[in-house]
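To start, the structure itself, in structure tokens.
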Amino acid sequence: MLNFMHDLAKAPSLREQKKQAKLEAIQEAARALFRRRGYAGTTTREIAERAGIGVGTLFVYFPEKTDLLFYVFSQDLERVANQALDSIPEESGLVDGLLYVFRAIFELYDADHELSRTFLKEYQFGTGRVRDAFNEVTFGIVARFGALVRRARERGEPMRDIDDFQAGYQFFALYTFALQLWLSRAMADRETALLQLRISLELAVSGLKE
């Protein structure tokens with residue numbers, strides 16, 4: 001009986017379930033329309049209609065269309081990155097493990113180059129609570145990269161005693177730079193960008209070694 005009451009206390013309320021269902025519908029509608037019609041060619045009214053809600057309700061959750069763009073990418077990034085982090089092969093060293101995750105993220109952005117470029121452009125100059133939420137997702141991923149550094153150290157890879165989060169932040173910064181170069185077409189293809197990223201990560205990791 002006590003266990004049942006404990007589980008019941010943890011269960012989301014009907015109101016929270018409805019809110020989550022609306023967010024999922026909005027996310028799916030925005031993602032589909034952005035990819036089919038482009039970010040500029042999609043209106044908030046079209047997103048609301050596809051999600052089955054009123055425009056006023058949509059604005060309660062996302063006052064600006066850029067908020068929707070950030071939300072879609074934050075949800076996709078969190079899902080893809082965490083799935084990759086959870087499935088890194090056990091035998092992978094630090095660089096290979098990082099590349100395993102970054103490859104999965106690159107594949108996410110490769111699904112729609114134009115929309116990905118729009119997102120990066122808006123992200124550089126955007127503000128708002130949903131952008132802040134995207135930053136929280138980023139910092140969560142960075143923290144997990146720090147955990148990879150700790151695991152490498154525990155497995156015997158020679159690592160200097162530095163802050164693991166800062167190491168993870170450095171890795172994420174290298175990935176972001178490579179991603180921007182690739183999406184801006186400064187690099188010919190995804191594999192070239194990933195190769196350059198590997199070189200950068202190897203140099204960074206060599207700087208961490210004792």
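Following the order of the structure tokens, chains are lettered A, B, ..., residues in each are numbered from 1, and ligands are numbered from 1.
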Practice item. Considering only C-alpha atoms, return as JSON, numbers by chain whatever protein or nucleic-acid residues lie within 12 Å of Lys121 (chain A), sequence-local ones (same chain, fewer than 5 positions apart) excluded. Key: {"A": [39, 66, 69, 70, 114, 115, 116, 126, 180, 183, 184]}
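When the distance limit is 12 Å and only C-alpha atoms are what count, the residues near Arg190 (chain A), minus those fewer than 2 positions from it on the same chain, are Phe102, Arg103, Ala104, Ile105, Phe106, Glu107, Leu108, Tyr109, Asp110, Ala111, His113, Ala178, Leu179, Gln180, Leu181, Trp182, Leu183, Ser184, Arg185, Ala186, Met187, Ala188, Thr192, Ala193, Leu194, Leu195, Gln196 and Leu197 of chain A.
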Exercise for review: Counting only C-alpha atoms, figure out which residue out of A:Glu154, A:Asp163, A:Asp67, A:Asp112 gets nearest to Phe134 (chain A).
Suggested key: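 Using only C-alpha atoms, the shortest distance to Phe134 (chain A) belongs to A:Asp67.
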Check your understanding: Asp164 (chain A): which residues within 8 Å, counting only C-alpha atoms, same-chain residues fewer than 4 positions away excluded, as an MDAnalysis selection string?
Key -> chainID A and resid 143 145:147 149:150 168
Please produce a file of the residues just selected, as a PDB file, in the first residue's frame, where the atoms kept are N, CA and C atoms.
ATOM      1  N   ALA A 143      28.203  18.249 -19.208  1.00  0.00           N
ATOM      2  CA  ALA A 143      28.461  17.529 -17.959  1.00  0.00           C
ATOM      3  C   ALA A 143      28.686  16.037 -18.226  1.00  0.00           C
ATOM      4  N   PHE A 145      29.936  14.813 -20.976  1.00  0.00           N
ATOM      5  CA  PHE A 145      31.282  14.709 -21.551  1.00  0.00           C
ATOM      6  C   PHE A 145      32.324  14.699 -20.431  1.00  0.00           C
ATOM      7  N   GLY A 146      32.080  15.509 -19.404  1.00  0.00           N
ATOM      8  CA  GLY A 146      32.972  15.488 -18.249  1.00  0.00           C
ATOM      9  C   GLY A 146      33.023  14.121 -17.602  1.00  0.00           C
ATOM     10  N   ALA A 147      31.858  13.447 -17.580  1.00  0.00           N
ATOM     11  CA  ALA A 147      31.818  12.090 -17.026  1.00  0.00           C
ATOM     12  C   ALA A 147      32.650  11.130 -17.872  1.00  0.00           C
ATOM     13  N   VAL A 149      35.408  11.954 -19.347  1.00  0.00           N
ATOM     14  CA  VAL A 149      36.786  12.212 -18.924  1.00  0.00           C
ATOM     15  C   VAL A 149      37.086  11.437 -17.648  1.00  0.00           C
ATOM     16  N   ARG A 150      36.165  11.455 -16.706  1.00  0.00           N
ATOM     17  CA  ARG A 150      36.362  10.713 -15.449  1.00  0.00           C
ATOM     18  C   ARG A 150      36.488   9.221 -15.723  1.00  0.00           C
ATOM     19  N   GLY A 168      34.926  18.943 -20.664  1.00  0.00           N
ATOM     20  CA  GLY A 168      33.765  18.682 -21.503  1.00  0.00           C
ATOM     21  C   GLY A 168      33.330  19.913 -22.278  1.00  0.00           C
TER      22      GLY A 168
END
**Study point:** Atomic distance CA of Arg144 (chain A) - CA of Phe172 (chain A), expressed in Å with one decimal
**Key:**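 Interatomic distance, CA of Arg144 (chain A) to CA of Phe172 (chain A): 10.8 Å.
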Practice item. Report the distance between CA of Glu202 (chain A) and CA of Leu99 (chain A) in Å, rounded to one decimal place. Key: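 A separation of 10.4 Å between them.
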